[in-house]
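K.L.:
Got coords32.txt for you, compact mmCIF, C-alpha atoms:
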# COMPACT_ATOMS: atom_id res chain seq x y z
CA MET O 1 127.22 59.46 92.63
CA THR O 2 130.46 61.07 93.73
CA ARG O 3 129.42 62.33 97.16
CA PRO O 4 129.68 60.02 100.22
CA TYR O 5 126.15 58.66 100.01
CA LEU O 6 124.88 56.97 103.13
CA GLY O 7 123.34 54.10 101.13
CA ASN O 8 126.84 52.66 101.48
CA PRO O 9 127.02 50.94 104.92
CA LYS O 10 130.65 52.08 105.34
CA TYR O 11 129.58 55.76 105.47
CA THR O 12 126.66 54.96 107.73
CA ILE O 13 128.98 53.31 110.27
CA GLU O 14 131.45 56.23 110.03
CA ILE O 15 128.72 58.79 110.77
CA LEU O 16 127.27 56.77 113.67
CA GLN O 17 130.73 56.42 115.22
CA LYS O 18 131.62 60.07 114.63
CA TYR O 19 128.59 61.17 116.65
CA ASP O 20 128.54 58.24 119.13
CA PHE O 21 124.95 57.69 118.07
CA VAL O 22 122.82 55.36 120.19
CA PHE O 23 119.76 53.77 118.58
CA GLN O 24 116.52 54.61 120.38
CA LYS O 25 114.14 51.68 120.68
CA ARG O 26 111.24 54.03 121.49
CA PHE O 27 111.57 55.64 118.05
CA GLY O 28 111.79 52.28 116.25
CA GLN O 29 115.02 53.31 114.50
CA ASN O 30 116.27 51.07 111.68
CA PHE O 31 118.39 52.82 109.05
CA LEU O 32 118.42 51.62 105.44
CA ILE O 33 121.83 50.48 104.15
CA ASP O 34 120.92 49.11 100.72
CA THR O 35 121.31 51.27 97.61
CA HIS O 36 119.06 49.00 95.50
CA VAL O 37 116.16 49.49 97.92
CA LEU O 38 116.77 53.25 98.02
CA ASP O 39 116.69 53.36 94.21
CA LYS O 40 113.45 51.32 94.23
CA ILE O 41 111.79 53.76 96.64
CA ILE O 42 112.76 56.79 94.53
CA CYS O 43 111.59 55.02 91.37
CA ALA O 44 108.27 53.89 92.93
CA SER O 45 107.51 57.36 94.30
CA GLY O 46 107.80 58.83 90.79
CA ILE O 47 109.55 61.96 92.09
CA THR O 48 110.65 64.53 89.52
CA LYS O 49 112.39 67.91 89.66
CA GLU O 50 108.91 69.50 89.76
CA ASP O 51 108.07 67.88 93.09
CA PHE O 52 108.05 69.03 96.69
CA VAL O 53 108.61 66.03 98.97
CA LEU O 54 107.84 65.63 102.67
CA GLU O 55 110.00 63.00 104.35
CA ILE O 56 108.92 61.62 107.71
CA GLY O 57 111.72 60.34 109.97
CA PRO O 58 114.86 60.99 107.91
CA GLY O 59 117.11 59.29 110.48
CA ILE O 60 120.71 60.14 109.56
CA GLY O 61 119.62 61.41 106.13
CA THR O 62 120.20 58.29 104.01
CA MET O 63 117.02 58.51 101.93
CA THR O 64 116.97 62.31 102.24
CA GLN O 65 120.13 62.49 100.09
CA TYR O 66 118.44 60.44 97.36
CA LEU O 67 115.26 62.51 97.59
CA ALA O 68 117.24 65.75 97.35
CA GLU O 69 118.83 64.53 94.13
CA ALA O 70 115.46 63.62 92.61
CA ALA O 71 113.12 66.40 93.84
CA ARG O 72 112.86 70.16 93.57
CA GLU O 73 112.71 70.55 97.33
CA VAL O 74 112.54 68.32 100.41
CA THR O 75 111.33 69.01 103.94
CA ALA O 76 112.18 66.30 106.48
CA VAL O 77 110.58 66.05 109.93
CA GLU O 78 112.69 64.34 112.61
CA ILE O 79 111.69 63.81 116.25
CA ASP O 80 115.03 62.62 117.73
CA ASP O 81 117.19 65.48 119.13
CA ALA O 82 120.38 63.43 118.66
CA LEU O 83 119.85 63.22 114.89
CA ILE O 84 119.55 66.97 114.22
CA PRO O 85 123.33 67.72 114.25
CA ILE O 86 123.95 64.55 112.21
CA LEU O 87 121.44 65.67 109.55
CA LYS O 88 123.10 69.07 109.44
CA ASP O 89 126.34 67.29 108.58
CA THR O 90 125.06 64.63 106.14
CA LEU O 91 122.85 67.06 104.20
CA LYS O 92 125.22 70.05 104.10
CA GLU O 93 125.94 69.61 100.39
CA TRP O 94 122.29 69.96 99.38
CA ASP O 95 120.68 73.40 99.40
CA ASN O 96 117.14 72.14 98.62
CA VAL O 97 116.57 70.38 101.97
CA ALA O 98 115.03 71.77 105.17
CA VAL O 99 114.92 69.76 108.41
CA ILE O 100 112.17 70.39 110.96
CA HIS O 101 112.86 69.13 114.48
CA GLY O 102 109.50 67.92 115.74
CA ASP O 103 106.82 65.27 116.08
CA ILE O 104 105.09 64.59 112.75
CA LEU O 105 101.77 64.03 114.57
CA LYS O 106 101.95 67.60 115.92
CA THR O 107 103.33 69.22 112.74
CA ASP O 108 101.02 71.27 110.54
CA ILE O 109 101.74 69.46 107.29
CA ARG O 110 98.87 71.19 105.52
CA ARG O 111 100.51 74.57 106.19
CA ILE O 112 103.87 73.26 104.93
CA ALA O 113 102.23 72.00 101.72
CA PHE O 114 100.63 75.40 101.12
CA GLU O 115 103.79 77.36 101.91
CA LYS O 116 106.21 75.17 99.97
CA ASN O 117 104.04 73.94 97.12
CA ASN O 118 101.30 76.57 96.72
CA GLY O 119 98.72 74.07 97.94
CA LYS O 120 99.40 71.67 95.07
CA PRO O 121 99.56 67.95 95.95
CA ILE O 122 102.82 66.91 97.59
CA LYS O 123 104.59 63.54 97.65
CA VAL O 124 105.31 61.91 100.99
CA VAL O 125 108.12 59.39 101.55
CA ALA O 126 108.89 57.67 104.85
CA ASN O 127 110.47 54.73 106.62
CA LEU O 128 107.93 54.28 109.41
CA PRO O 129 108.25 52.37 112.69
CA TYR O 130 105.43 49.87 113.19
CA TYR O 131 103.91 51.45 116.30
CA ILE O 132 103.13 54.76 114.61
CA THR O 133 102.32 53.75 111.01
CA THR O 134 98.53 53.94 111.26
CA PRO O 135 98.21 57.30 113.07
CA ILE O 136 100.64 58.95 110.63
CA ILE O 137 98.92 57.64 107.50
CA MET O 138 95.43 58.41 108.77
CA GLY O 139 96.55 61.85 109.95
CA LEU O 140 97.82 62.67 106.44
CA PHE O 141 94.57 61.58 104.82
CA GLU O 142 92.06 62.91 107.37
CA ASN O 143 93.62 66.36 107.82
CA GLN O 144 92.97 67.32 104.20
CA VAL O 145 96.67 67.52 103.37
CA PRO O 146 96.96 67.89 99.57
CA ILE O 147 98.71 64.62 98.70
CA ASP O 148 99.59 63.01 95.40
CA SER O 149 101.10 59.82 96.85
CA ILE O 150 102.63 58.34 99.98
CA THR O 151 105.52 55.89 99.44
CA ILE O 152 106.45 54.23 102.70
CA MET O 153 108.53 51.46 104.15
CA VAL O 154 106.53 49.58 106.77
CA GLN O 155 106.44 46.18 108.42
CA LYS O 156 105.56 43.63 105.72
CA GLU O 157 102.38 42.44 107.42
CA VAL O 158 101.12 46.04 107.76
CA ALA O 159 101.69 46.64 104.04
CA GLU O 160 99.77 43.46 103.25
CA ARG O 161 96.94 44.55 105.53
CA MET O 162 96.58 47.80 103.59
CA GLN O 163 95.85 46.12 100.29
CA VAL O 164 93.78 43.01 101.15
CA GLY O 165 90.05 42.58 100.53
CA PRO O 166 87.09 41.18 102.53
CA GLY O 167 87.12 37.69 103.97
CA THR O 168 90.86 37.52 104.71
CA LYS O 169 92.31 37.46 108.23
CA ASP O 170 94.39 40.61 107.58
CA TYR O 171 91.38 42.61 106.35
CA GLY O 172 90.38 45.28 108.84
CA ALA O 173 89.79 48.94 109.60
CA LEU O 174 93.23 49.92 108.21
CA SER O 175 92.55 48.14 104.87
CA LEU O 176 89.24 49.97 104.46
CA ALA O 177 90.56 53.37 105.51
CA VAL O 178 93.57 53.21 103.19
CA GLN O 179 91.47 51.95 100.26
CA TYR O 180 88.88 54.69 100.78
CA TYR O 181 91.54 57.37 100.36
CA ALA O 182 94.09 55.75 98.04
CA LYS O 183 95.09 52.87 95.78
CA PRO O 184 97.66 50.73 97.66
CA GLU O 185 100.36 48.81 95.82
CA ILE O 186 103.30 46.91 97.34
CA VAL O 187 106.32 47.75 95.18
CA ALA O 188 109.13 45.89 96.99
CA ASN O 189 109.73 43.43 99.80
CA VAL O 190 112.75 44.31 101.94
CA PRO O 191 114.54 41.70 104.08
CA PRO O 192 115.94 42.55 107.56
CA ASN O 193 119.58 42.55 106.35
CA CYS O 194 118.92 45.80 104.44
CA PHE O 195 118.79 47.71 107.75
CA MET O 196 121.03 48.71 110.60
CA PRO O 197 120.27 47.46 113.19
CA ARG O 198 118.44 44.46 111.70
CA PRO O 199 114.74 44.38 112.59
CA LYS O 200 113.24 41.04 113.62
CA VAL O 201 110.64 41.15 110.82
CA GLY O 202 110.57 41.73 107.07
CA SER O 203 109.52 45.07 105.64
CA ALA O 204 107.82 46.21 102.44
CA VAL O 205 107.64 49.40 100.42
CA ILE O 206 104.04 50.32 99.61
CA ARG O 207 102.84 53.21 97.49
CA LEU O 208 99.46 54.78 98.26
CA THR O 209 98.25 56.81 95.29
CA ARG O 210 95.58 59.25 96.41
CA HIS O 211 92.18 58.85 94.73
CA GLU O 212 91.00 61.98 92.97
CA HIS O 213 87.49 61.09 94.19
CA PRO O 214 86.65 58.47 96.83
CA PRO O 215 85.59 55.15 95.27
CA VAL O 216 82.29 55.17 97.19
CA GLN O 217 79.67 57.83 97.83
CA VAL O 218 79.09 58.35 101.54
CA GLU O 219 77.24 61.26 103.13
CA ASP O 220 78.99 61.07 106.51
CA GLU O 221 82.60 59.82 106.37
CA LYS O 222 83.02 59.97 110.13
CA LEU O 223 79.96 57.79 110.70
CA MET O 224 81.21 55.25 108.15
CA PHE O 225 84.56 55.00 109.95
CA ARG O 226 82.82 54.64 113.33
CA LEU O 227 80.84 51.71 111.85
CA ILE O 228 84.05 50.20 110.44
CA ARG O 229 85.94 50.50 113.74
CA ALA O 230 83.01 49.04 115.69
CA SER O 231 82.67 46.07 113.37
CA PHE O 232 86.36 45.12 113.72
CA ASN O 233 86.80 45.91 117.42
CA GLN O 234 85.24 42.54 118.23
CA ARG O 235 86.05 40.55 115.10
CA ARG O 236 84.48 37.31 116.30
CA LYS O 237 81.11 38.87 117.01
CA THR O 238 78.42 39.37 114.41
CA LEU O 239 78.13 42.83 112.88
CA VAL O 240 74.86 43.40 114.81
CA ASN O 241 76.58 42.77 118.15
CA GLY O 242 79.72 44.69 117.21
CA LEU O 243 77.70 47.81 116.34
CA LYS O 244 75.37 47.43 119.34
CA ASN O 245 78.30 47.13 121.81
CA SER O 246 80.25 50.09 120.41
CA GLN O 247 80.87 53.12 122.65
CA GLU O 248 81.01 55.28 119.49
CA LEU O 249 77.51 54.42 118.24
CA ASP O 250 74.05 54.86 119.64
CA PHE O 251 71.80 52.56 117.60
CA SER O 252 69.35 50.03 119.01
CA LYS O 253 69.50 46.37 117.99
CA GLU O 254 66.27 46.88 116.01
CA GLU O 255 67.73 49.86 114.11
CA ILE O 256 70.88 47.89 113.27
CA GLU O 257 68.94 44.82 112.11
CA GLY O 258 66.63 47.03 110.02
CA ALA O 259 69.62 48.71 108.34
CA LEU O 260 71.24 45.35 107.55
CA GLU O 261 68.01 44.10 106.00
CA LYS O 262 67.78 47.24 103.83
CA CYS O 263 71.33 46.50 102.67
CA GLY O 264 70.35 42.93 101.81
CA LEU O 265 72.75 41.53 104.42
CA PRO O 266 72.05 38.48 106.64
CA LEU O 267 71.73 39.26 110.35
CA ASN O 268 74.52 36.83 111.28
CA ILE O 269 77.11 38.47 108.99
CA ARG O 270 80.46 39.59 110.42
CA GLY O 271 82.12 42.93 109.64
CA GLU O 272 85.07 41.25 107.89
CA ALA O 273 82.71 40.09 105.10
CA LEU O 274 81.64 43.64 104.14
CA THR O 275 83.17 45.57 101.26
CA LEU O 276 83.86 49.31 101.44
CA GLU O 277 80.75 49.80 99.25
CA LYS O 278 78.58 47.98 101.81
CA PHE O 279 79.95 50.03 104.71
CA ALA O 280 79.19 53.22 102.75
CA GLU O 281 75.67 51.96 101.98
CA LEU O 282 75.12 51.10 105.65
CA ALA O 283 76.33 54.54 106.79
CA ASN O 284 73.95 56.24 104.33
CA ILE O 285 71.01 54.19 105.66
CA PHE O 286 71.75 55.20 109.27
CA ILE O 287 71.66 58.94 108.45
Rewrite the structure from the file as structure tokens, please.

P.N.:
Amino acid sequence: MTRPYLGNPKYTIEILQKYDFVFQKRFGQNFLIDTHVLDKIICASGITKEDFVLEIGPGIGTMTQYLAEAAREVTAVEIDDALIPILKDTLKEWDNVAVIHGDILKTDIRRIAFEKNNGKPIKVVANLPYYITTPIIMGLFENQVPIDSITIMVQKEVAERMQVGPGTKDYGALSLAVQYYAKPEIVANVPPNCFMPRPKVGSAVIRLTRHEHPPVQVEDEKLMFRLIRASFNQRRKTLVNGLKNSQELDFSKEEIEGALEKCGLPLNIRGEALTLEKFAELANIFI
């Protein structure tokens, strides 16, 4: 690589000083400064010259440069005003990158996928701050965005939560939602010293490969997710009490107990013991 790639910390520091950039805590900004990790992300995402890639939160453009080399075209969505002129500078040598200044949660990604990729599945790559990981991932899945895979850097414990099964303390609504839509696989653990500034916790790169068809048959997805949320909102309560106390549901205790019996589940079971299949079965009984 002959260009001044930002994976080299020296160039990152130069750019930050050139623009007097101040890190914004509210955006959870931690920029990658490790070329090995960047290579791992590109490799794990399986990007080829056929692909259109959406990058969420490009920062100063470190990973964007790598993506631009690997993909046919890249669109990056950045919320921080101060980073827009920096991105213009760091990405000026690539003509296959477009930067959108905006909030990813308010951006019509479905429209972008149709305009840029004729509605064919896109690949998403991101380095996500902890506080916004879940809404971004769920937004991508729930809004019928045509997606092939999502390869993201997140807090290590969040990545672990996405791929665990029933009966573990990390198992919850996020695990079930991710596993309903995609196959999660942690592809790299990333220590704090790979970032500037250093975060207090370790990170991980996880790839979510979209299922062609959901792994369970459920007649009302929304109802299933309401049941899932209700059963984990009060983890220590039994499933019967969790569902009965939920503001999102309107079932009597008798209806809930009857549904559990039809599913062959004991009345004192907790939500964390149920598989995705059992939640789907329960949702189908309630319809």

K.L.:
Report, as AutoDock Vina command-line options, the axis-aligned box around all atoms of segment 149-167 of chain O present in the file, extended by 3 Å on each side; give centre and edge lengths in Å to one decimal place.

P.N.:
--center_x 97.8 --center_y 48.8 --center_z 102.6 --size_x 27.4 --size_y 28.1 --size_z 17.6

K.L.:
In Å, how far is it from atom CA of Asn284 of chain O to atom CA of Glu160 of chain O?

P.N.:
28.8 Å

K.L.:
Quick one: residues within 9 Å of segment 52-66 of chain O, all atoms listed in the file counted, chain neighbours fewer than 2 positions away excluded, as a PDB file with C-alpha atoms, in the coordinates of the input?

P.N.:
ATOM      1  CA  TYR O   5     126.150  58.660 100.010  1.00  0.00           C
ATOM      2  CA  LEU O   6     124.880  56.970 103.130  1.00  0.00           C
ATOM      3  CA  GLY O   7     123.340  54.100 101.130  1.00  0.00           C
ATOM      4  CA  THR O  12     126.660  54.960 107.730  1.00  0.00           C
ATOM      5  CA  ILE O  15     128.720  58.790 110.770  1.00  0.00           C
ATOM      6  CA  LEU O  16     127.270  56.770 113.670  1.00  0.00           C
ATOM      7  CA  GLN O  29     115.020  53.310 114.500  1.00  0.00           C
ATOM      8  CA  ASN O  30     116.270  51.070 111.680  1.00  0.00           C
ATOM      9  CA  PHE O  31     118.390  52.820 109.050  1.00  0.00           C
ATOM     10  CA  LEU O  32     118.420  51.620 105.440  1.00  0.00           C
ATOM     11  CA  ILE O  33     121.830  50.480 104.150  1.00  0.00           C
ATOM     12  CA  LEU O  38     116.770  53.250  98.020  1.00  0.00           C
ATOM     13  CA  ASP O  39     116.690  53.360  94.210  1.00  0.00           C
ATOM     14  CA  ILE O  41     111.790  53.760  96.640  1.00  0.00           C
ATOM     15  CA  ILE O  42     112.760  56.790  94.530  1.00  0.00           C
ATOM     16  CA  ILE O  47     109.550  61.960  92.090  1.00  0.00           C
ATOM     17  CA  THR O  48     110.650  64.530  89.520  1.00  0.00           C
ATOM     18  CA  LYS O  49     112.390  67.910  89.660  1.00  0.00           C
ATOM     19  CA  GLU O  50     108.910  69.500  89.760  1.00  0.00           C
ATOM     20  CA  ALA O  68     117.240  65.750  97.350  1.00  0.00           C
ATOM     21  CA  GLU O  69     118.830  64.530  94.130  1.00  0.00           C
ATOM     22  CA  ALA O  70     115.460  63.620  92.610  1.00  0.00           C
ATOM     23  CA  ALA O  71     113.120  66.400  93.840  1.00  0.00           C
ATOM     24  CA  ARG O  72     112.860  70.160  93.570  1.00  0.00           C
ATOM     25  CA  GLU O  73     112.710  70.550  97.330  1.00  0.00           C
ATOM     26  CA  VAL O  74     112.540  68.320 100.410  1.00  0.00           C
ATOM     27  CA  THR O  75     111.330  69.010 103.940  1.00  0.00           C
ATOM     28  CA  ALA O  76     112.180  66.300 106.480  1.00  0.00           C
ATOM     29  CA  VAL O  77     110.580  66.050 109.930  1.00  0.00           C
ATOM     30  CA  GLU O  78     112.690  64.340 112.610  1.00  0.00           C
ATOM     31  CA  ILE O  79     111.690  63.810 116.250  1.00  0.00           C
ATOM     32  CA  ASP O  80     115.030  62.620 117.730  1.00  0.00           C
ATOM     33  CA  LEU O  83     119.850  63.220 114.890  1.00  0.00           C
ATOM     34  CA  ILE O  84     119.550  66.970 114.220  1.00  0.00           C
ATOM     35  CA  ILE O  86     123.950  64.550 112.210  1.00  0.00           C
ATOM     36  CA  LEU O  87     121.440  65.670 109.550  1.00  0.00           C
ATOM     37  CA  THR O  90     125.060  64.630 106.140  1.00  0.00           C
ATOM     38  CA  LEU O  91     122.850  67.060 104.200  1.00  0.00           C
ATOM     39  CA  TRP O  94     122.290  69.960  99.380  1.00  0.00           C
ATOM     40  CA  VAL O  97     116.570  70.380 101.970  1.00  0.00           C
ATOM     41  CA  VAL O  99     114.920  69.760 108.410  1.00  0.00           C
ATOM     42  CA  ILE O 104     105.090  64.590 112.750  1.00  0.00           C
ATOM     43  CA  ILE O 109     101.740  69.460 107.290  1.00  0.00           C
ATOM     44  CA  ILE O 112     103.870  73.260 104.930  1.00  0.00           C
ATOM     45  CA  ALA O 113     102.230  72.000 101.720  1.00  0.00           C
ATOM     46  CA  LYS O 116     106.210  75.170  99.970  1.00  0.00           C
ATOM     47  CA  ASN O 117     104.040  73.940  97.120  1.00  0.00           C
ATOM     48  CA  PRO O 121      99.560  67.950  95.950  1.00  0.00           C
ATOM     49  CA  ILE O 122     102.820  66.910  97.590  1.00  0.00           C
ATOM     50  CA  LYS O 123     104.590  63.540  97.650  1.00  0.00           C
ATOM     51  CA  VAL O 124     105.310  61.910 100.990  1.00  0.00           C
ATOM     52  CA  VAL O 125     108.120  59.390 101.550  1.00  0.00           C
ATOM     53  CA  ALA O 126     108.890  57.670 104.850  1.00  0.00           C
ATOM     54  CA  ASN O 127     110.470  54.730 106.620  1.00  0.00           C
ATOM     55  CA  LEU O 128     107.930  54.280 109.410  1.00  0.00           C
TER      56      LEU O 128
END

K.L.:
How many Å lie between atom CA of Ser203 of chain O and atom CA of Val190 of chain O, rounded to one decimal?

P.N.:
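Distance between the two atoms: 5.0 Å.
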
K.L.:
What's the 9 Å shell around Phe225 of chain O, counting only C-alpha atoms, without same-chain residues fewer than 2 positions away, as a ChimeraX atom specification?

P.N.:
/O:173,176-177,220-223,227-230,279,283

K.L.:
Deliver the residues from the most recent selection as a file, using C-alpha atoms, as a PDB file, keeping the file's coordinate frame.

P.N.:
ATOM      1  CA  ALA O 173      89.790  48.940 109.600  1.00  0.00           C
ATOM      2  CA  LEU O 176      89.240  49.970 104.460  1.00  0.00           C
ATOM      3  CA  ALA O 177      90.560  53.370 105.510  1.00  0.00           C
ATOM      4  CA  ASP O 220      78.990  61.070 106.510  1.00  0.00           C
ATOM      5  CA  GLU O 221      82.600  59.820 106.370  1.00  0.00           C
ATOM      6  CA  LYS O 222      83.020  59.970 110.130  1.00  0.00           C
ATOM      7  CA  LEU O 223      79.960  57.790 110.700  1.00  0.00           C
ATOM      8  CA  LEU O 227      80.840  51.710 111.850  1.00  0.00           C
ATOM      9  CA  ILE O 228      84.050  50.200 110.440  1.00  0.00           C
ATOM     10  CA  ARG O 229      85.940  50.500 113.740  1.00  0.00           C
ATOM     11  CA  ALA O 230      83.010  49.040 115.690  1.00  0.00           C
ATOM     12  CA  PHE O 279      79.950  50.030 104.710  1.00  0.00           C
ATOM     13  CA  ALA O 283      76.330  54.540 106.790  1.00  0.00           C
TER      14      ALA O 283
END

K.L.:
Would you kindly return, as a CSV table (one decimal) with C-alpha atoms, in the coordinates of the input, each protein, DNA or RNA residue with an atom no farther than 12 Å from any atom of Arg236 of chain O, considering all atoms listed in the file and excluding same-chain residues fewer than 6 positions away?

P.N.:
chain,number,residue,atom,x,y,z
O,169,LYS,CA,92.3,37.5,108.2
O,230,ALA,CA,83.0,49.0,115.7
O,242,GLY,CA,79.7,44.7,117.2
O,268,ASN,CA,74.5,36.8,111.3
O,269,ILE,CA,77.1,38.5,109.0
O,270,ARG,CA,80.5,39.6,110.4
O,271,GLY,CA,82.1,42.9,109.6
O,272,GLU,CA,85.1,41.2,107.9
O,273,ALA,CA,82.7,40.1,105.1

K.L.:
With all atoms listed in the file as the basis for distance, which of O:Val205, O:Val240, O:Leu267, O:Leu105 is at the shortest distance from Thr134 of chain O?

P.N.:
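Result for the nearest residue to Thr134 of chain O: O:Leu105.
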
K.L.:
Can you tell me which residues surround Lys200 of chain O at a distance of at most 12 Å, considering only C-alpha atoms, apart from same-chain residues fewer than 5 positions away, and format the answer as a PyMOL selection string?

P.N.:
chain O and resi 28+30+130+155-156+191-195

K.L.:
Give me, please, the distance in Å between atom CA of Pro135 of chain O and atom CA of Val178 of chain O, quoted to one decimal.

P.N.:
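Result for atom CA of Pro135 of chain O versus atom CA of Val178 of chain O: 11.7 Å, one decimal.
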
K.L.:
Hey, which of O:Ile186, O:Tyr181, O:Pro215, O:Gly172 ends up closest to Gln234 of chain O? Count only C-alpha atoms.

P.N.:
O:Gly172

K.L.:
Within 10 Å of Pro214 of chain O, counting all atoms listed in the file, which residues show up once you throw out same-chain ones fewer than 4 positions away? Write them as a count of residues only, please.

P.N.:
6

K.L.:
Nearest to Ile132 of chain O among O:Arg26, O:Gln144, O:Leu67, O:Asn8, with distances taken over all atoms listed in the file: which residue is it?

P.N.:
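When distances to Ile132 of chain O are compared using all atoms listed in the file, the smallest one comes from O:Arg26.
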